[in-house]
file model_9.txt (compact mmCIF, C-alpha atoms)
# COMPACT_ATOMS: atom_id res chain seq x y z
CA MET A 1 -113.67 21.60 12.16
CA ILE A 2 -112.41 20.31 15.52
CA GLU A 3 -114.57 18.02 17.64
CA LEU A 4 -113.81 17.63 21.35
CA VAL A 5 -115.29 15.90 24.35
CA VAL A 6 -114.48 17.78 27.53
CA LEU A 7 -114.76 16.66 31.15
CA ASP A 8 -115.70 18.48 34.31
CA GLU A 9 -114.52 17.79 37.90
CA GLN A 10 -117.09 15.00 38.35
CA GLY A 11 -116.15 13.28 35.08
CA GLY A 12 -119.25 14.57 33.26
CA ARG A 13 -118.74 14.76 29.51
CA ILE A 14 -120.03 17.25 26.97
CA GLN A 15 -119.32 17.63 23.26
CA CYS A 16 -117.65 20.81 22.00
CA THR A 17 -117.18 21.92 18.41
CA VAL A 18 -114.83 24.44 16.88
CA LYS A 19 -116.35 25.33 13.51
CA SER A 20 -114.05 25.58 10.50
CA ILE A 21 -114.14 29.38 10.43
CA HIS A 22 -112.70 29.46 13.98
CA VAL A 23 -110.16 26.62 13.78
CA TYR A 24 -107.25 29.00 13.14
CA LEU A 25 -108.05 30.77 16.43
CA PHE A 26 -107.88 27.62 18.60
CA GLU A 27 -105.92 24.85 16.86
CA ASN A 28 -102.65 25.80 18.61
CA SER A 29 -104.33 26.59 21.95
CA ILE A 30 -105.79 23.17 22.76
CA ASN A 31 -103.87 19.94 23.31
CA GLU A 32 -105.31 16.61 24.35
CA GLY A 33 -104.44 15.72 27.94
CA ASN A 34 -104.27 19.30 29.20
CA VAL A 35 -106.80 21.00 31.41
CA TYR A 36 -108.32 24.31 30.35
CA MET A 37 -110.83 26.80 31.63
CA LEU A 38 -113.22 27.66 28.79
CA GLU A 39 -115.20 30.87 28.82
CA ASN A 40 -117.79 32.41 26.54
CA LEU A 41 -119.06 29.47 24.49
CA SER A 42 -122.41 28.99 22.77
CA VAL A 43 -124.73 26.24 23.99
CA ALA A 44 -127.23 24.33 21.86
CA LEU A 45 -129.28 21.16 22.06
CA ASN A 46 -127.27 17.99 21.35
CA SER A 47 -129.07 16.97 18.18
CA GLY A 48 -126.10 16.19 15.92
CA LYS A 49 -125.67 13.17 13.69
CA TYR A 50 -123.43 11.40 16.24
CA LYS A 51 -123.58 11.76 19.99
CA PRO A 52 -120.27 11.09 21.70
CA THR A 53 -122.02 12.02 24.95
CA MET A 54 -125.56 11.59 26.08
CA HIS A 55 -125.56 15.12 27.51
CA GLU A 56 -128.68 17.08 26.56
CA PHE A 57 -126.55 19.99 25.30
CA ARG A 58 -123.36 20.62 23.37
CA MET A 59 -121.07 23.65 23.22
CA PHE A 60 -119.61 25.63 20.33
CA PHE A 61 -116.50 27.78 20.41
CA LYS A 62 -116.98 31.26 19.01
CA ARG A 63 -114.61 34.09 18.18
CA GLU A 64 -114.91 35.49 21.71
CA THR A 65 -114.23 32.16 23.47
CA ARG A 66 -111.30 32.29 25.89
CA VAL A 67 -109.10 29.26 26.55
CA THR A 68 -106.87 29.35 29.62
CA LEU A 69 -104.48 26.53 30.53
CA VAL A 70 -104.95 25.33 34.13
CA GLU A 71 -101.77 23.86 35.64
CA ASP A 72 -103.15 22.32 38.84
CA SER A 73 -106.51 20.67 38.56
CA SER A 74 -108.61 17.81 39.88
CA ILE A 75 -110.12 17.16 36.44
CA PRO A 76 -109.52 13.53 35.35
CA LEU A 77 -107.59 13.00 32.11
CA TYR A 78 -109.85 10.20 30.91
CA GLY A 79 -113.57 10.11 31.42
CA PHE A 80 -114.78 6.66 30.53
CA SER A 81 -118.45 5.84 30.69
CA PHE A 82 -118.52 2.11 30.01
CA VAL A 83 -121.77 0.74 28.64
CA PRO A 84 -122.70 -2.81 29.71
CA PHE A 85 -122.67 -5.37 26.89
CA VAL A 86 -126.30 -6.25 27.60
CA GLU A 87 -127.28 -2.64 26.89
CA ILE A 88 -125.33 -2.61 23.62
CA LEU A 89 -126.73 -5.98 22.52
CA ASN A 90 -130.28 -4.84 23.33
CA GLU A 91 -129.84 -1.38 21.78
CA THR A 92 -132.60 -0.42 19.38
CA LYS A 93 -130.25 0.49 16.53
CA ASP A 94 -129.41 4.03 17.67
CA ASP A 95 -126.50 4.46 15.25
CA ARG A 96 -125.94 8.01 16.51
CA ARG A 97 -124.88 6.95 20.00
CA LEU A 98 -121.14 6.50 20.63
CA VAL A 99 -120.18 4.24 23.54
CA ASP A 100 -117.21 3.21 25.67
CA VAL A 101 -116.57 -0.55 25.82
CA LEU A 102 -114.31 -2.65 28.06
CA GLY A 103 -113.75 -6.34 27.34
CA VAL A 104 -111.37 -9.28 27.14
CA VAL A 105 -110.36 -10.35 23.63
CA THR A 106 -111.67 -13.87 22.97
CA GLY A 107 -111.16 -13.94 19.22
CA LYS A 108 -109.99 -12.05 16.19
CA GLY A 109 -110.37 -12.42 12.46
CA ASN A 110 -107.85 -11.80 9.73
CA LEU A 111 -107.23 -8.38 8.26
CA ILE A 112 -109.75 -7.85 5.47
CA GLU A 113 -108.71 -5.66 2.55
CA PHE A 114 -111.15 -4.35 -0.06
CA LYS A 115 -111.83 -1.32 -2.22
CA LYS A 116 -114.68 1.11 -1.68
CA GLU A 117 -115.23 3.67 -4.40
CA GLY A 118 -111.74 2.82 -5.70
CA LYS A 119 -110.02 3.48 -2.37
CA PRO A 120 -108.35 0.71 -0.35
CA CYS A 121 -110.05 -0.09 2.98
CA ASN A 122 -109.06 -2.44 5.80
CA TYR A 123 -110.72 -3.87 8.87
CA VAL A 124 -110.43 -6.63 11.41
CA VAL A 125 -113.25 -8.11 13.51
CA ILE A 126 -112.49 -8.87 17.14
CA GLU A 127 -114.66 -10.59 19.71
CA LEU A 128 -114.80 -9.25 23.25
CA GLU A 129 -116.23 -10.85 26.37
CA ASN A 130 -117.48 -8.65 29.15
CA ILE A 131 -115.39 -8.59 32.33
CA GLU A 132 -118.11 -10.39 34.28
CA GLY A 133 -118.12 -13.14 31.64
CA GLY A 134 -120.98 -14.63 29.72
CA LEU A 135 -121.69 -11.98 27.08
CA LYS A 136 -119.76 -11.52 23.86
CA LEU A 137 -119.66 -8.64 21.44
CA ARG A 138 -118.10 -8.43 18.00
CA CYS A 139 -116.34 -5.19 17.15
CA THR A 140 -114.93 -4.04 13.84
CA LEU A 141 -111.71 -2.05 13.97
CA TRP A 142 -111.13 0.04 10.85
CA GLU A 143 -108.01 1.29 9.11
CA ASP A 144 -105.31 2.58 11.52
CA TYR A 145 -107.07 1.02 14.52
CA ALA A 146 -106.99 -2.40 12.86
CA PHE A 147 -103.29 -2.04 12.07
CA MET A 148 -102.42 -0.75 15.57
CA PHE A 149 -104.34 -3.60 17.21
CA LEU A 150 -102.68 -6.29 15.08
CA LYS A 151 -99.22 -4.74 15.58
CA HIS A 152 -99.76 -4.67 19.34
CA LEU A 153 -100.67 -8.37 19.35
CA GLU A 154 -97.56 -9.13 17.31
CA ASP A 155 -95.21 -6.98 19.43
CA HIS A 156 -96.66 -8.00 22.82
CA PRO A 157 -97.60 -11.69 22.83
CA SER A 158 -99.82 -12.57 25.79
CA GLU A 159 -102.40 -15.11 26.85
CA SER A 160 -105.05 -12.46 27.26
CA TYR A 161 -105.70 -8.87 26.24
CA VAL A 162 -108.10 -6.31 27.66
CA VAL A 163 -109.41 -3.75 25.18
CA VAL A 164 -110.90 -0.34 25.90
CA LEU A 165 -112.80 1.30 23.06
CA GLN A 166 -113.82 4.91 23.60
CA PHE A 167 -116.48 6.61 21.47
CA ALA A 168 -117.23 3.44 19.50
CA LYS A 169 -120.08 3.58 16.99
CA MET A 170 -122.82 1.00 17.47
CA LYS A 171 -123.83 -0.40 14.12
CA ASN A 172 -124.50 -3.77 12.57
CA PHE A 173 -121.86 -4.55 10.01
CA LYS A 174 -122.38 -7.52 7.71
CA GLY A 175 -124.87 -9.03 10.13
CA PHE A 176 -122.76 -8.61 13.27
call {"tool": "encode", "arguments": {"input": "model_9.txt", "output": "structure tokens"}}
result
Amino acid sequence: MIELVVLDEQGGRIQCTVKSIHVYLFENSINEGNVYMLENLSVALNSGKYKPTMHEFRMFFKRETRVTLVEDSSIPLYGFSFVPFVEILNETKDDRRLVDVLGVVTGKGNLIEFKKEGKPCNYVVIELENIEGGLKLRCTLWEDYAFMFLKHLEDHPSESYVVVLQFAKMKNFKGF
């Protein structure tokens, strides 16, 4: 299965899914960062387990879907929809909602290694402060994201770092 979030000219986001039976038709036709015109998709209510967008609907590719590369377009490459820290901190535990977060790193923990069901797992907890200042949020970066973050800090020493998290899952982890 392939999961996508696509943008329109105004930066509106909607979730698209290519089901496993159709992956072979589209896996070589779609590359992140390109702009495409999509035709002949199915539309359904957005009632999935996770919601990378808050759009009421989501789209599904089908055998008849046409994908055409558009060379010149006004579609933005990145469609961030940053959620204020106060909204995240006051969220009523909607674990299905995925959010975009922007903050200044004010702290980080050590890499934690453990085994879950016999498989090695890793994470690091970072603390972000909102750009306006005053509110802090703890975020857990898992696996490759933890390693990439720590490597970046090591390779690019600085007094401050700004982090952008896109499609982050809101969930309490070990009381945070």
call {"tool": "residues_around", "arguments": {"input": "model_9.txt", "residues": "range 129-136 of chain A", "least_positions_apart": "2", "cutoff": "10 Å", "atoms": "all atoms listed in the file", "output": "ChimeraX atom specification"}}
result
/A:84-86,89,101-107,127,138-139,162-163
call {"tool": "residues_near_point", "arguments": {"input": "model_9.txt", "point": "(-123.4, 11.5, 20.9)", "cutoff": "12 Å", "atoms": "only C-alpha atoms", "output": "ChimeraX atom specification"}}
result
/A:3-5,13-16,45-58,94-100,166-170
call {"tool": "axis_aligned_box", "arguments": {"input": "model_9.txt", "around": "range 65-79 of chain A", "padding_each_side": "6 Å", "output": "AutoDock Vina command-line options"}}
result
--center_x -108.0 --center_y 21.2 --center_z 31.7 --size_x 24.5 --size_y 34.2 --size_z 28.4
call {"tool": "atom_distance", "arguments": {"input": "model_9.txt", "atom1": "CA of Ile21 in chain A", "atom2": "CA of Val70 in chain A"}}
result
25.7 Å
call {"tool": "closest_residue", "arguments": {"input": "model_9.txt", "among": "A:Val43, A:Asn28, A:Thr140, A:Leu128", "to": "Ile112 in chain A", "atoms": "all atoms listed in the file"}}
result
A:Thr140
call {"tool": "atom_distance", "arguments": {"input": "model_9.txt", "atom1": "CA of Glu39 in chain A", "atom2": "CA of Asp72 in chain A"}}
result
17.9 Å
call {"tool": "residues_around", "arguments": {"input": "model_9.txt", "residues": "Leu25 in chain A", "least_positions_apart": "3", "cutoff": "12 Å", "atoms": "all atoms listed in the file", "output": "PDB file with C-alpha atoms, in the coordinates of the input"}}
result
ATOM      1  CA  MET A   1    -113.670  21.600  12.160  1.00  0.00           C
ATOM      2  CA  ILE A   2    -112.410  20.310  15.520  1.00  0.00           C
ATOM      3  CA  VAL A  18    -114.830  24.440  16.880  1.00  0.00           C
ATOM      4  CA  LYS A  19    -116.350  25.330  13.510  1.00  0.00           C
ATOM      5  CA  SER A  20    -114.050  25.580  10.500  1.00  0.00           C
ATOM      6  CA  ILE A  21    -114.140  29.380  10.430  1.00  0.00           C
ATOM      7  CA  HIS A  22    -112.700  29.460  13.980  1.00  0.00           C
ATOM      8  CA  ASN A  28    -102.650  25.800  18.610  1.00  0.00           C
ATOM      9  CA  SER A  29    -104.330  26.590  21.950  1.00  0.00           C
ATOM     10  CA  ILE A  30    -105.790  23.170  22.760  1.00  0.00           C
ATOM     11  CA  PHE A  61    -116.500  27.780  20.410  1.00  0.00           C
ATOM     12  CA  LYS A  62    -116.980  31.260  19.010  1.00  0.00           C
ATOM     13  CA  ARG A  63    -114.610  34.090  18.180  1.00  0.00           C
ATOM     14  CA  GLU A  64    -114.910  35.490  21.710  1.00  0.00           C
ATOM     15  CA  THR A  65    -114.230  32.160  23.470  1.00  0.00           C
ATOM     16  CA  ARG A  66    -111.300  32.290  25.890  1.00  0.00           C
ATOM     17  CA  VAL A  67    -109.100  29.260  26.550  1.00  0.00           C
TER      18      VAL A  67
END
